[in-house]
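The next block is entry_39.cif, given as mmCIF, C-alpha atoms.
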```cif
data_my_file
loop_
_atom_site.label_atom_id
_atom_site.label_comp_id
_atom_site.auth_asym_id
_atom_site.auth_seq_id
_atom_site.Cartn_x
_atom_site.Cartn_y
_atom_site.Cartn_z
CA MET A 658 -19.55 -15.91 8.75
CA LEU A 659 -21.59 -12.78 8.03
CA LYS A 660 -20.07 -11.05 11.04
CA LEU A 661 -16.61 -11.96 9.77
CA LEU A 662 -17.37 -10.52 6.33
CA ILE A 663 -18.71 -7.31 7.83
CA ASN A 664 -15.71 -6.87 10.13
CA SER A 665 -13.19 -7.60 7.38
CA LEU A 666 -14.68 -6.28 4.13
CA ALA A 667 -17.46 -3.83 4.99
CA LYS A 668 -15.52 -2.19 7.80
CA GLU A 669 -12.43 -1.74 5.64
CA PHE A 670 -14.52 -0.36 2.79
CA TYR A 671 -15.97 2.37 4.98
CA GLN A 672 -12.58 3.12 6.53
CA GLN A 673 -10.91 3.41 3.15
CA HIS A 674 -13.63 5.68 1.76
CA VAL A 675 -14.22 7.85 4.82
CA GLY A 676 -13.10 10.94 2.92
CA PHE A 677 -15.58 10.25 0.15
CA PHE A 678 -18.43 9.91 2.63
CA LEU A 679 -17.42 13.07 4.48
CA VAL A 680 -17.55 15.02 1.24
CA GLY A 681 -20.94 13.50 0.45
CA ILE A 682 -22.26 14.42 3.90
CA TYR A 683 -21.01 17.97 3.44
CA VAL A 684 -22.69 18.29 0.03
CA LEU A 685 -25.99 16.86 1.27
CA PHE A 686 -26.16 18.46 4.71
CA GLY A 687 -23.52 21.16 5.07
CA VAL A 688 -24.20 23.58 2.22
CA VAL A 689 -27.45 24.99 3.64
CA GLU A 690 -28.58 26.51 6.91
CA PRO A 691 -29.80 24.02 9.54
CA SER A 692 -33.28 25.55 9.41
CA GLN A 693 -33.47 24.83 5.66
CA LEU A 694 -32.01 21.32 5.80
CA ILE A 695 -35.29 19.37 5.71
CA GLY A 696 -36.68 21.45 2.87
CA TYR A 697 -33.41 21.15 0.96
CA GLN A 698 -33.36 17.37 1.29
CA LYS A 699 -37.01 17.08 0.33
CA ALA A 700 -36.46 19.27 -2.73
CA LEU A 701 -33.51 17.12 -3.84
CA LEU A 702 -35.49 13.91 -3.43
CA LEU A 703 -38.53 15.29 -5.25
CA ALA A 704 -36.34 16.55 -8.08
CA GLY A 705 -35.00 13.03 -8.44
CA ILE A 706 -38.29 11.14 -8.52
CA SER A 707 -40.45 13.66 -10.38
CA SER A 708 -38.63 13.50 -13.71
CA PRO A 709 -36.96 10.82 -15.83
CA ALA A 710 -33.74 12.85 -15.93
CA GLY A 711 -33.63 12.96 -12.14
CA LEU A 712 -34.11 9.21 -11.91
CA VAL A 713 -31.36 8.64 -14.47
CA ILE A 714 -28.94 10.75 -12.41
CA ILE A 715 -29.85 8.83 -9.24
CA PHE A 716 -29.51 5.44 -10.89
CA MET A 717 -26.20 6.38 -12.53
CA SER A 718 -24.77 7.46 -9.18
CA TRP A 719 -25.93 4.18 -7.65
CA PHE A 720 -24.39 2.26 -10.52
CA LEU A 721 -21.02 4.00 -10.14
CA TYR A 722 -21.06 3.35 -6.40
CA SER A 723 -21.91 -0.31 -7.04
CA VAL A 724 -19.10 -0.64 -9.58
CA LYS A 725 -16.69 0.79 -7.02
CA VAL A 726 -17.93 -1.70 -4.43
CA HIS A 727 -17.56 -4.58 -6.87
CA PHE A 728 -13.97 -3.73 -7.75
CA PHE A 729 -13.13 -3.21 -4.08
CA ILE A 730 -14.45 -6.65 -3.12
CA LYS A 731 -12.78 -8.25 -6.14
CA GLN A 732 -9.46 -6.66 -5.26
CA LYS A 733 -9.69 -7.85 -1.66
CA LEU A 734 -10.56 -11.39 -2.70
CA LEU A 735 -7.46 -11.44 -4.89
CA SER A 736 -5.30 -10.46 -1.95
CA PRO A 737 -3.57 -13.30 -0.06
CA LYS A 738 -4.74 -11.62 3.13
CA TYR A 739 -8.30 -12.71 2.34
CA ASN A 740 -7.64 -16.26 1.15
CA PHE A 741 -9.80 -17.55 3.99
CA LEU A 742 -12.87 -16.13 2.23
CA LYS A 743 -12.46 -18.67 -0.57
CA GLU A 744 -13.76 -21.28 1.87
CA ILE A 745 -17.19 -19.77 1.27
CA ALA A 746 -17.17 -21.43 -2.16
CA ALA A 747 -17.70 -24.77 -0.41
CA LEU A 748 -21.16 -23.68 0.76
CA GLU A 749 -24.36 -24.26 -1.17
CA LYS A 750 -25.28 -21.80 -3.89
CA ASN A 751 -28.30 -20.30 -2.12
CA ILE A 752 -26.39 -19.90 1.13
CA GLN A 753 -23.52 -18.14 -0.65
CA ILE A 754 -25.79 -15.73 -2.49
CA LYS A 755 -27.73 -14.91 0.69
CA LEU A 756 -24.46 -14.33 2.53
CA TRP A 757 -23.10 -11.95 -0.10
CA LEU A 758 -26.50 -10.30 -0.39
CA ARG A 759 -26.49 -9.42 3.31
CA LEU A 760 -22.93 -8.13 3.08
CA TYR A 761 -23.78 -5.88 0.16
CA LEU A 762 -26.83 -4.56 1.98
CA VAL A 763 -24.43 -3.37 4.69
CA ILE A 764 -22.01 -1.83 2.20
CA LEU A 765 -24.87 -0.26 0.23
CA LEU A 766 -26.45 1.12 3.39
CA PRO A 767 -26.11 4.79 2.27
CA ILE A 768 -28.10 3.93 -0.86
CA LEU A 769 -30.57 1.81 1.09
CA ILE A 770 -31.45 4.75 3.34
CA TYR A 771 -32.26 6.88 0.32
CA VAL A 772 -34.24 4.03 -1.22
CA PHE A 773 -36.65 4.15 1.73
CA LEU A 774 -36.81 7.96 1.58
CA LEU A 775 -37.43 7.99 -2.17
CA MET A 776 -40.10 5.32 -1.95
CA GLY A 777 -41.82 7.11 0.93
CA LEU A 778 -41.98 10.38 -1.00
CA SER A 779 -43.03 8.57 -4.17
CA PHE A 780 -46.01 6.98 -2.44
CA GLY A 781 -46.79 10.26 -0.66
CA TYR A 782 -46.97 12.15 -3.95
CA HIS A 783 -48.56 9.24 -5.86
CA LEU A 784 -45.48 8.69 -8.03
CA PHE A 785 -45.92 4.93 -8.06
CA LEU A 786 -43.88 4.36 -11.22
CA SER A 787 -40.89 6.09 -9.62
CA ALA A 788 -41.25 3.98 -6.48
CA ILE A 789 -41.32 0.77 -8.50
CA SER A 790 -38.33 1.89 -10.56
CA VAL A 791 -36.30 2.70 -7.44
CA LEU A 792 -37.09 -0.67 -5.89
CA ILE A 793 -36.33 -2.64 -9.06
CA VAL A 794 -33.03 -0.86 -9.75
CA PHE A 795 -31.76 -1.24 -6.19
CA ALA A 796 -32.78 -4.90 -6.02
CA THR A 797 -31.11 -5.55 -9.39
CA LEU A 798 -27.86 -3.89 -8.32
CA THR A 799 -27.74 -5.75 -5.02
CA TRP A 800 -28.54 -9.13 -6.54
CA SER A 801 -26.09 -8.58 -9.41
CA LEU A 802 -23.25 -7.79 -7.02
CA SER A 803 -24.04 -10.89 -4.96
CA TRP A 804 -24.25 -13.14 -8.00
CA LEU A 805 -21.03 -11.79 -9.54
CA THR A 806 -19.12 -12.42 -6.32
CA PHE A 807 -20.60 -15.91 -5.99
CA TYR A 808 -19.78 -16.72 -9.62
CA SER A 809 -16.23 -15.43 -9.30
CA LEU A 810 -15.49 -17.47 -6.20
CA THR A 811 -17.21 -20.65 -7.29
CA PHE A 812 -15.86 -20.85 -10.82
CA GLY A 813 -12.44 -19.45 -10.07
CA LEU A 814 -12.62 -16.37 -12.24
CA LEU A 815 -10.57 -14.30 -9.82
CA LYS A 816 -7.21 -14.71 -11.48
CA GLN A 817 -4.32 -12.37 -11.65
CA GLU A 818 -4.14 -10.73 -15.03
CA LYS A 819 -1.03 -11.70 -16.91
CA GLN A 820 1.19 -8.89 -17.91
CA ILE A 821 0.94 -8.40 -21.64
CA THR A 822 4.25 -7.96 -23.41
CA SER A 823 4.03 -5.37 -26.12
CA SER A 824 6.32 -3.41 -28.35
CA ARG A 825 5.25 -0.10 -26.86
CA ILE A 826 7.79 2.23 -25.35
CA LYS A 827 8.10 1.32 -21.70
CA ILE A 828 7.91 4.08 -19.15
CA LYS A 829 10.57 3.91 -16.50
CA LYS A 830 8.81 3.82 -13.15
CA THR A 831 11.11 5.48 -10.69
CA PHE A 832 10.70 4.74 -7.02
CA LEU A 833 9.32 8.19 -6.27
CA THR A 834 6.51 7.78 -8.84
CA TRP A 835 5.26 4.43 -7.56
CA PRO A 836 2.33 6.01 -5.65
CA LEU A 837 1.11 7.67 -8.85
CA PHE A 838 1.28 4.46 -10.86
CA HIS A 839 -0.50 2.63 -8.05
CA LEU A 840 -3.29 5.20 -8.16
CA PHE A 841 -3.69 5.05 -11.94
CA ASN A 842 -3.45 1.26 -12.19
CA GLU A 843 -5.29 0.12 -9.06
CA GLN A 844 -7.76 2.93 -8.33
CA PRO A 845 -8.81 4.43 -11.69
CA LEU A 846 -12.52 4.40 -10.83
CA MET A 847 -11.94 6.13 -7.51
CA LEU A 848 -9.84 8.74 -9.28
CA LEU A 849 -12.55 9.29 -11.89
CA ILE A 850 -15.28 9.66 -9.26
CA CYS A 851 -13.16 12.14 -7.31
CA LYS A 852 -12.60 14.23 -10.42
CA VAL A 853 -16.30 14.22 -11.33
CA LEU A 854 -17.26 15.26 -7.79
CA SER A 855 -14.52 17.86 -7.84
CA LEU A 856 -15.93 19.43 -11.00
CA ILE A 857 -19.49 19.33 -9.63
CA LEU A 858 -18.48 20.98 -6.36
CA PHE A 859 -16.36 23.59 -8.09
CA LYS A 860 -19.16 24.59 -10.46
CA GLY A 861 -21.69 24.34 -7.65
CA MET A 862 -19.78 26.78 -5.46
CA LEU A 863 -19.49 29.25 -8.33
CA TRP A 864 -23.22 28.91 -8.95
CA MET A 865 -24.05 29.49 -5.27
CA PHE A 866 -22.07 32.74 -5.27
CA ALA A 867 -23.06 33.83 -8.77
CA ASP A 868 -24.61 37.05 -7.43
CA VAL A 869 -21.25 38.12 -6.02
CA GLY A 870 -19.63 38.32 -9.43
CA TYR A 871 -15.94 37.78 -10.02
CA ASP A 872 -14.18 37.45 -6.68
CA LEU A 873 -10.93 35.63 -6.07
CA ARG A 874 -12.17 34.53 -2.64
CA VAL A 875 -15.10 32.70 -4.23
CA LEU A 876 -12.73 30.92 -6.60
CA LEU A 877 -10.52 29.87 -3.71
CA ILE A 878 -13.52 28.53 -1.77
CA ALA A 879 -14.55 26.54 -4.84
CA LEU A 880 -10.99 25.25 -5.17
CA LEU A 881 -10.99 24.23 -1.51
CA ALA A 882 -14.24 22.30 -1.98
CA SER A 883 -12.71 20.51 -4.97
CA VAL A 884 -9.55 19.64 -3.07
CA LEU A 885 -11.60 18.17 -0.20
CA CYS A 886 -12.98 15.59 -2.64
CA HIS A 887 -9.52 14.05 -2.80
CA ALA A 888 -9.35 13.06 0.87
CA VAL A 889 -10.00 9.43 -0.04
CA LEU A 890 -7.11 9.52 -2.53
CA VAL A 891 -4.78 10.85 0.16
CA PHE A 892 -5.84 8.01 2.44
CA THR A 893 -5.25 5.48 -0.35
CA LEU A 894 -1.77 6.82 -1.10
CA LEU A 895 -0.77 6.88 2.55
CA LYS A 896 -2.05 3.34 2.99
CA PHE A 897 -0.04 2.25 -0.05
CA GLU A 898 3.08 3.83 1.42
CA THR A 899 2.50 2.14 4.78
CA GLU A 900 1.84 -1.33 3.36
CA TYR A 901 4.22 -1.47 0.40
CA LEU A 902 6.82 1.28 0.82
CA ASN A 903 7.60 0.85 4.48
CA PHE A 904 11.11 -0.28 3.56
CA SER A 905 11.82 3.17 2.12
CA LYS A 906 12.31 4.53 5.63
CA SER A 907 15.68 2.79 5.71
CA LEU A 908 16.77 4.30 2.39
CA ALA A 909 19.03 7.32 2.17
CA ILE A 910 16.26 9.72 1.16
CA SER A 911 16.24 13.07 2.90
CA THR A 912 13.12 14.51 4.48
CA TYR A 913 13.25 17.44 2.06
CA LYS A 914 13.26 15.09 -0.93
CA ARG A 915 10.35 13.09 0.47
CA PHE A 916 8.39 16.29 1.04
CA MET A 917 9.08 17.58 -2.47
CA ASN A 918 8.10 14.21 -3.93
CA TRP A 919 4.71 14.24 -2.19
CA LEU A 920 4.27 17.87 -3.21
CA PHE A 921 4.87 16.86 -6.82
CA ILE A 922 2.44 13.92 -6.56
CA PHE A 923 -0.41 15.98 -5.12
CA GLY A 924 0.31 18.84 -7.50
CA PHE A 925 0.14 16.43 -10.44
CA ILE A 926 -3.14 14.91 -9.22
CA LEU A 927 -4.67 18.38 -8.85
CA ILE A 928 -3.82 19.53 -12.38
CA PRO A 929 -7.53 19.48 -13.43
CA GLU A 930 -8.37 21.67 -10.42
CA TRP A 931 -5.69 24.18 -11.42
CA ILE A 932 -7.25 24.24 -14.89
CA PHE A 933 -10.71 24.81 -13.34
CA LEU A 934 -9.33 27.74 -11.34
CA ILE A 935 -7.50 29.37 -14.23
CA THR A 936 -10.40 29.05 -16.68
CA ALA A 937 -12.95 30.30 -14.12
CA SER A 938 -10.79 33.35 -13.44
CA HIS A 939 -10.55 34.08 -17.17
CA PHE A 940 -6.75 33.88 -16.86
CA ASP A 941 -6.79 36.87 -14.49
CA LEU A 942 -5.39 35.66 -11.18
#
```
Since I need it in another form, could you write the structure as structure tokens?
Amino acid sequence: MLKLLINSLAKEFYQQHVGFFLVGIYVLFGVVEPSQLIGYQKALLLAGISSPAGLVIIFMSWFLYSVKVHFFIKQKLLSPKYNFLKEIAALEKNIQIKLWLRLYLVILLPILIYVFLLMGLSFGYHLFLSAISVLIVFATLTWSLSWLTFYSLTFGLLKQEKQITSSRIKIKKTFLTWPLFHLFNEQPLMLLICKVLSLILFKGMLWMFADVGYDLRVLLIALLASVLCHAVLVFTLLKFETEYLNFSKSLAISTYKRFMNWLFIFGFILIPEWIFLITASHFDL
């Protein structure tokens, strides 16, 4: 059963978020020279465990990642495609929790690697309180995810939310805007994380080239780094089109109109990045 969960849920999670992980790998390993990589990583880890603020940043990033994982698993369990997973609810409580615990250890593998690195450095520099904090927080996150999934399956809390009828003005959702509404309604956390990373990378690039002064090329490099953060959103939108809008290929929509529609969608999503660029250039582009 564990192998089935890994092949169905964990594998799809990594496939769907490959862009996010590529951006993370670039930030952690690609922004410095290869000869400085070990020192750069060690400095980052020490900065995290040597101060309360650093630990808070680490734990908040873990928490956001865990929330994303939780909503991903919850969304998949609601899908008819994964109805077979509800058979797990027939197992004993301890077996279910252990099963979900092992699955989440696979999905949280990027965090688990850094847990070992942080604990190793903490013991090496006699920061025992930091090591204990790292272990407790990671164990709490992993167990909480496992228990929430077990509780949801066993007690049938995974129910489709009923659409609430209100007197608000209804927005007409045209066919060409369906991908945008899908992104805002189904992937708000992913969108938020992408925007936060985009801002961090944009400001980080400007900080790295601060000695250059005002240079349009630096701004464009920072903009490119911000745009790369949205690779996972592009994958999500394309997957949505493939799975739910495949019928549109038979509609009388010209290639030019399709292209302009996607151009509008991506331009709309990147509005914050345009604002970053304009404000950083002091309105002098």
| field | Near-range 868-877 of chain A list (9 Å; all atoms listed in the file; drop same-chain fewer than 6 positions) as a list in words | value |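 Here the answer would be Phe859, Met862, Leu934, Ala937, Ser938 and Leu942 of chain A.
The coordinates place CA of Lys660 in chain A at 15.9 Å from CA of Ile730 in chain A.
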| message | Between A:Gly711, A:Gly681, A:Pro767, A:Gly924, which residue has the minimum interatomic distance to Leu885 in chain A, considering only C-alpha atoms? | response | A:Gly681
| request: Considering all atoms listed in the file, state which residue in the set A:Leu810, A:Leu849, A:Leu894, A:Asn664 is at the smallest distance from Leu748 in chain A. | output: A:Leu810
| request: Translate the PyMOL selection byres ((chain A and resi 839) around 12), as applied to the file shown, into an explicit residue set as a list in words. | output: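 Output of the PyMOL selection byres ((chain A and resi 839) around 12): Lys830, Phe832, Leu833, Thr834, Trp835, Pro836, Leu837, Phe838, Leu840, Phe841, Asn842, Glu843, Gln844, Pro845, Met847, Leu848, Leu890, Thr893, Leu894, Leu895, Lys896, Phe897, Glu898, Tyr901, Leu902 and Ile922 of chain A.
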Using only C-alpha atoms, please write the residues we just selected to a file, as a JSON list (two decimals), keeping the file's coordinate frame.
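Listing of selection.json after writing:
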```json
[["chain", "number", "residue", "atom", "x", "y", "z"],
["A", 830, "LYS", "CA", 8.81, 3.82, -13.15],
["A", 832, "PHE", "CA", 10.70, 4.74, -7.02],
["A", 833, "LEU", "CA", 9.32, 8.19, -6.27],
["A", 834, "THR", "CA", 6.51, 7.78, -8.84],
["A", 835, "TRP", "CA", 5.26, 4.43, -7.56],
["A", 836, "PRO", "CA", 2.33, 6.01, -5.65],
["A", 837, "LEU", "CA", 1.11, 7.67, -8.85],
["A", 838, "PHE", "CA", 1.28, 4.46, -10.86],
["A", 840, "LEU", "CA", -3.29, 5.20, -8.16],
["A", 841, "PHE", "CA", -3.69, 5.05, -11.94],
["A", 842, "ASN", "CA", -3.45, 1.26, -12.19],
["A", 843, "GLU", "CA", -5.29, 0.12, -9.06],
["A", 844, "GLN", "CA", -7.76, 2.93, -8.33],
["A", 845, "PRO", "CA", -8.81, 4.43, -11.69],
["A", 847, "MET", "CA", -11.94, 6.13, -7.51],
["A", 848, "LEU", "CA", -9.84, 8.74, -9.28],
["A", 890, "LEU", "CA", -7.11, 9.52, -2.53],
["A", 893, "THR", "CA", -5.25, 5.48, -0.35],
["A", 894, "LEU", "CA", -1.77, 6.82, -1.10],
["A", 895, "LEU", "CA", -0.77, 6.88, 2.55],
["A", 896, "LYS", "CA", -2.05, 3.34, 2.99],
["A", 897, "PHE", "CA", -0.04, 2.25, -0.05],
["A", 898, "GLU", "CA", 3.08, 3.83, 1.42],
["A", 901, "TYR", "CA", 4.22, -1.47, 0.40],
["A", 902, "LEU", "CA", 6.82, 1.28, 0.82],
["A", 922, "ILE", "CA", 2.44, 13.92, -6.56]]
```
| Pick the closest to Leu798 in chain A from A:Asn740, A:Val724, A:Glu749, A:Ile910: which is it, counting only C-alpha atoms? |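 Using only C-alpha atoms, Leu798 in chain A sits closest to A:Val724.
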| request: Measuring atom to atom with all atoms listed in the file, identify which of A:Val884, A:Leu762, A:Leu742, A:Leu784 is nearest to Phe807 in chain A. | output: A:Leu742
| query | Using the chain letters and numbers from the file, which residues does the PyMOL selection byres ((chain A and resi 858) around 10) grab, as a PyMOL selection string? | reply | chain A and resi 680+684+852-857+859-864+879-886
| query | Looking at only C-alpha atoms, which of A:Ser809, A:Pro691, A:Leu927, A:Thr899 is the one that sits closest to Leu734 in chain A? | reply | A:Ser809
All file atoms of range 887-901 of chain A boxed axis-aligned, 6 Å per side, centre plus edges, as lines of an AutoDock Vina configuration file:
```
center_x = -2.9
center_y = 6.3
center_z = 1.0
size_x = 26.2
size_y = 27.5
size_z = 19.6
```
| Long-range neighbours of Ala788 in chain A as a PyMOL selection string, 12 Å cut-off, only C-alpha atoms, 3 positions minimum in chain | chain A and resi 702-703+705-707+712+771-785+791-795
Could you save the residues just selected, with C-alpha atoms, as a CSV table (one decimal), in the coordinates of the input?
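Result file again.csv:
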```
chain,number,residue,atom,x,y,z
A,702,LEU,CA,-35.5,13.9,-3.4
A,703,LEU,CA,-38.5,15.3,-5.2
A,705,GLY,CA,-35.0,13.0,-8.4
A,706,ILE,CA,-38.3,11.1,-8.5
A,707,SER,CA,-40.4,13.7,-10.4
A,712,LEU,CA,-34.1,9.2,-11.9
A,771,TYR,CA,-32.3,6.9,0.3
A,772,VAL,CA,-34.2,4.0,-1.2
A,773,PHE,CA,-36.6,4.2,1.7
A,774,LEU,CA,-36.8,8.0,1.6
A,775,LEU,CA,-37.4,8.0,-2.2
A,776,MET,CA,-40.1,5.3,-2.0
A,777,GLY,CA,-41.8,7.1,0.9
A,778,LEU,CA,-42.0,10.4,-1.0
A,779,SER,CA,-43.0,8.6,-4.2
A,780,PHE,CA,-46.0,7.0,-2.4
A,781,GLY,CA,-46.8,10.3,-0.7
A,782,TYR,CA,-47.0,12.2,-4.0
A,783,HIS,CA,-48.6,9.2,-5.9
A,784,LEU,CA,-45.5,8.7,-8.0
A,785,PHE,CA,-45.9,4.9,-8.1
A,791,VAL,CA,-36.3,2.7,-7.4
A,792,LEU,CA,-37.1,-0.7,-5.9
A,793,ILE,CA,-36.3,-2.6,-9.1
A,794,VAL,CA,-33.0,-0.9,-9.8
A,795,PHE,CA,-31.8,-1.2,-6.2
```
Any chance you could build range 763-774 of chain A out to N, CA and C atoms and write it as an mmCIF file, in the frame of the given file?
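Listing of out-v2.cif after writing:
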```
data_model
loop_
_atom_site.group_PDB
_atom_site.id
_atom_site.type_symbol
_atom_site.label_atom_id
_atom_site.label_comp_id
_atom_site.auth_asym_id
_atom_site.auth_seq_id
_atom_site.Cartn_x
_atom_site.Cartn_y
_atom_site.Cartn_z
ATOM 1 N N VAL A 763 -25.167 -4.184 3.717
ATOM 2 C CA VAL A 763 -24.430 -3.370 4.690
ATOM 3 C C VAL A 763 -23.569 -2.338 3.981
ATOM 4 N N ILE A 764 -22.879 -2.756 2.923
ATOM 5 C CA ILE A 764 -22.010 -1.830 2.200
ATOM 6 C C ILE A 764 -22.829 -0.785 1.444
ATOM 7 N N LEU A 765 -23.998 -1.187 0.957
ATOM 8 C CA LEU A 765 -24.870 -0.260 0.230
ATOM 9 C C LEU A 765 -25.847 0.461 1.149
ATOM 10 N N LEU A 766 -25.542 0.496 2.429
ATOM 11 C CA LEU A 766 -26.450 1.120 3.390
ATOM 12 C C LEU A 766 -26.752 2.589 3.073
ATOM 13 N N PRO A 767 -25.767 3.406 2.636
ATOM 14 C CA PRO A 767 -26.110 4.790 2.270
ATOM 15 C C PRO A 767 -27.172 4.864 1.168
ATOM 16 N N ILE A 768 -27.088 3.958 0.196
ATOM 17 C CA ILE A 768 -28.100 3.930 -0.860
ATOM 18 C C ILE A 768 -29.422 3.411 -0.320
ATOM 19 N N LEU A 769 -29.356 2.405 0.547
ATOM 20 C CA LEU A 769 -30.570 1.810 1.090
ATOM 21 C C LEU A 769 -31.400 2.830 1.866
ATOM 22 N N ILE A 770 -30.734 3.706 2.598
ATOM 23 C CA ILE A 770 -31.450 4.750 3.340
ATOM 24 C C ILE A 770 -32.233 5.640 2.384
ATOM 25 N N TYR A 771 -31.579 6.025 1.287
ATOM 26 C CA TYR A 771 -32.260 6.880 0.320
ATOM 27 C C TYR A 771 -33.322 6.125 -0.470
ATOM 28 N N VAL A 772 -33.189 4.817 -0.574
ATOM 29 C CA VAL A 772 -34.240 4.030 -1.220
ATOM 30 C C VAL A 772 -35.542 4.155 -0.428
ATOM 31 N N PHE A 773 -35.454 4.020 0.892
ATOM 32 C CA PHE A 773 -36.650 4.150 1.730
ATOM 33 C C PHE A 773 -37.222 5.573 1.658
ATOM 34 N N LEU A 774 -36.336 6.573 1.662
ATOM 35 C CA LEU A 774 -36.810 7.960 1.580
ATOM 36 C C LEU A 774 -37.483 8.239 0.241
#
```
